Amino acid sequence: MDSEGRTTADTARNDPLVQLSLDRLRQRTSMKWRAYPADVLPLWVAEMDVPLAPAVVAALHEAIDLGDTGYPYGRAYAEALADFARERWHWDGLRVEDTAIVPDVMLGVVELLRLVTDPGDAVVVCSPVYPPFYAFVSHDGREIVEAPLGADLRIDLDTLEGAFVRARDDGRRGAAFLMSNPHNPTGVVHTREELRAVAELARAHGVRVVSDEIHGPLVLPGAAFTPFLSVPGAENGLAVTSASKAWNLAGLKAAVTFAGPEAAADLRRMPEEVSHGPSHLGIIAHTAALRSGRDWLDDLLTGLDANRRLLGRLVERHLPGVTYRRPEATYLAWLDCTALDLHDDRADGPGVVSDLAGPARMFHDRARVALSSGHVFGTGGAGCVRLNFATSPAVLREAVERMGRAIADL
Ligand SMILES: Cc1ncc(COP(=O)(O)O)c(C=O)c1O
């Protein structure tokens, strides 16, 4: 019985992570399930092994039955997000009039960076970090400046300041800090104090902050999410989020950007055509998730919390030499495998998400488990792997046991 009187069986019944069999999951046609052959357990790209939340299913059915498949209109998504922020994050500063819809978070990031930087300007990122930060930003003509995380995997403020100074070198007009809040791949939740310090440093150096908050709803018990724009000093910040990660809706494209009071005029410069990108069905699904999918999210978080503890036990038992720091948020675990000495230095530097090198290559080849290779997350990533634990405990157990056997055979 847990503190709310639920038995283990009740918890399992509601846990979205135990609803689908491997056979059913393998029928999926999305990236997670099609990039590798059927003998590989895919614990890589950030998709979850869950059915849709019933509230999302109902909203989509209603739209289909009605033929409601035209263009999006109105601010329902932003209004749902503002309500969610009020209830979950105790923040009532998300002003619906200072929001703009975008097709997805990464295109939102690019559009926000375009508002505050020019081609050739620098964008600071805290590596290791979500690989598309490198790809999308450099593809748009901005130069990446890395500010590696500290040994505790948290933002190192001195390193960040050094990066801000470099970013403003050569008299460049603008510079931005693209932050993952919470941080992918480490699952670190930045504290209010850390975010305050980031805001202060950014102001002092004339750097604009763009906060990617896609993992905000996925903060696990024991930590609290702080929206960047809620901290003093962040009034000129910009942010973007989406229901896509927490409710597994990446295929139903939609996201929301929002601005602090001093950045509202910047956001109004976002070209109108950007708002044509999100799908109407996406907006319907994301809005339903935020409004009526909160109980489902709680059941998911309970399951993820159990999985992150299970993973700790499994790593301890089966993966000698691998270090696991329990994430505070997300369903991503960052496993430091540098002690295994499998680091392949030909593969240093950021890359495309499906690249495999070092330990991820070994686990793929010998354990038939697909993980994300640490080197694609930039400086500090080589020799590590990212494991997606949004799956059933049975699959998680099987994957780690296979990885353990592969290490034993090295
Ligand atoms: C930090 C971060 N930003 C953005 C994305 C991608 O979001 P979208 O599919 O909405 O572009 C992800 C996906 O895992 C992510 O982890």
# chains A, B, ... in the order shown; residues from 1 in each chain; ligands from 1

$ residues_around --residues "stretch 356-368 of chain A" --least-positions-apart "6" --cutoff "8 Å" --atoms "only C-alpha atoms" --output "PyMOL selection string"
chain A and resi 39-41+337+340+342-344+347+374-375+382-385+399+402-403+405-406

$ residues_around --residues "stretch 201-211 of chain A" --least-positions-apart "5" --cutoff "9 Å" --atoms "only C-alpha atoms" --output "number ranges by chain"
A: 109, 112-113, 116-117, 157, 160-161, 164-165, 167-168, 174-181, 196, 227-229, 233-234, 236-241

$ select_by_dssp --residues "stretch 193-300 of chain A" --states "strand (DSSP E or B)" --output "JSON, numbers by chain"
{"A": [208, 209, 210, 211, 212, 219, 238, 239, 240, 241, 255, 256, 257, 258, 259]}

$ closest_residue --among "A:Ala55, A:Ser230, A:Val129, A:Ile283" --to "A:His90" --atoms "only C-alpha atoms"
A:Ser230

$ atom_distance --atom1 "atom CA of A:Ala80" --atom2 "atom CA of A:Val18"
28.0 Å

$ closest_atom_pairs --of "chain A" --to "ligand 1" --cutoff "9 Å" --atoms "only C-alpha atoms and all ligand atoms" --output "CSV"
residue,atom,partner,partner_atom_place_in_ligand_line,distance
A:Val45,CA,ligand 1,14 (O),7.2
A:Ala46,CA,ligand 1,14 (O),4.9
A:Glu47,CA,ligand 1,14 (O),7.8
A:Pro103,CA,ligand 1,10 (O),7.5
A:Asp104,CA,ligand 1,10 (O),3.8
A:Val105,CA,ligand 1,10 (O),3.7
A:Met106,CA,ligand 1,11 (O),3.9
A:Leu107,CA,ligand 1,11 (O),6.3
A:Gly108,CA,ligand 1,11 (O),7.7
A:Val109,CA,ligand 1,4 (C),8.3
A:Val129,CA,ligand 1,1 (C),7.8
A:Tyr130,CA,ligand 1,1 (C),5.6
A:Pro131,CA,ligand 1,15 (C),8.8
A:Pro132,CA,ligand 1,4 (C),7.7
A:Phe133,CA,ligand 1,3 (N),7.8
A:Met179,CA,ligand 1,1 (C),8.4
A:Ser180,CA,ligand 1,1 (C),5.3
A:Asn181,CA,ligand 1,1 (C),7.5
A:Pro182,CA,ligand 1,1 (C),7.7
A:His183,CA,ligand 1,1 (C),6.8
A:Asn184,CA,ligand 1,1 (C),5.3
A:Pro185,CA,ligand 1,16 (O),7.6
A:Asp212,CA,ligand 1,3 (N),6.0
A:Glu213,CA,ligand 1,1 (C),7.1
A:Ile214,CA,ligand 1,3 (N),5.8
A:His215,CA,ligand 1,1 (C),6.8
A:Thr241,CA,ligand 1,10 (O),7.7
A:Ser242,CA,ligand 1,10 (O),6.4
A:Ala243,CA,ligand 1,10 (O),8.4
A:Ser244,CA,ligand 1,10 (O),6.2
A:Lys245,CA,ligand 1,14 (O),6.6
A:Leu249,CA,ligand 1,9 (O),8.6
A:Ala250,CA,ligand 1,9 (O),5.2
A:Gly251,CA,ligand 1,9 (O),7.9
A:Lys253,CA,ligand 1,10 (O),7.0
A:Ala254,CA,ligand 1,10 (O),7.0
A:Ala255,CA,ligand 1,10 (O),6.4
A:Thr330,CA,ligand 1,16 (O),8.6

$ closest_residue --among "A:Leu218, A:Ala197, A:Ile101, A:Ile155" --to "A:Pro278" --atoms "only C-alpha atoms"
A:Ile101

$ select_by_dssp --residues "stretch 341-406 of chain A" --states "helix (DSSP H, G or I)" --output "MDAnalysis selection string"
chainID A and resid 345:347 358:367 374:377 393:406

$ residues_around --residues "A:Ala394" --least-positions-apart "3" --cutoff "12 Å" --atoms "only C-alpha atoms" --output "JSON, numbers by chain"
{"A": [17, 18, 19, 20, 21, 22, 41, 307, 310, 311, 314, 389, 390, 391, 397, 398, 399, 400, 401]}

$ closest_residue --among "A:Thr287, A:Val274, A:Glu235, A:Gly404" --to "A:Arg317" --atoms "only C-alpha atoms"
A:Gly404

$ decode --residues "stretch 293-308 of chain A" --atoms "C-alpha atoms" --output "PDB file, in the first residue's frame"
ATOM      1  CA  GLY A 293      -4.636  14.323 -19.112  1.00  0.00           C
ATOM      2  CA  ARG A 294      -3.240  15.317 -15.720  1.00  0.00           C
ATOM      3  CA  ASP A 295      -4.259  12.128 -13.865  1.00  0.00           C
ATOM      4  CA  TRP A 296      -2.745  10.069 -16.658  1.00  0.00           C
ATOM      5  CA  LEU A 297       0.454  12.108 -16.327  1.00  0.00           C
ATOM      6  CA  ASP A 298       0.513  11.410 -12.575  1.00  0.00           C
ATOM      7  CA  ASP A 299       0.198   7.669 -13.227  1.00  0.00           C
ATOM      8  CA  LEU A 300       3.028   7.929 -15.759  1.00  0.00           C
ATOM      9  CA  LEU A 301       5.259   9.795 -13.298  1.00  0.00           C
ATOM     10  CA  THR A 302       4.599   7.118 -10.668  1.00  0.00           C
ATOM     11  CA  GLY A 303       5.702   4.459 -13.161  1.00  0.00           C
ATOM     12  CA  LEU A 304       8.775   6.439 -14.222  1.00  0.00           C
ATOM     13  CA  ASP A 305       9.750   6.994 -10.603  1.00  0.00           C
ATOM     14  CA  ALA A 306       9.571   3.228 -10.003  1.00  0.00           C
ATOM     15  CA  ASN A 307      11.588   2.578 -13.176  1.00  0.00           C
ATOM     16  CA  ARG A 308      14.361   4.999 -12.259  1.00  0.00           C
TER      17      ARG A 308
END
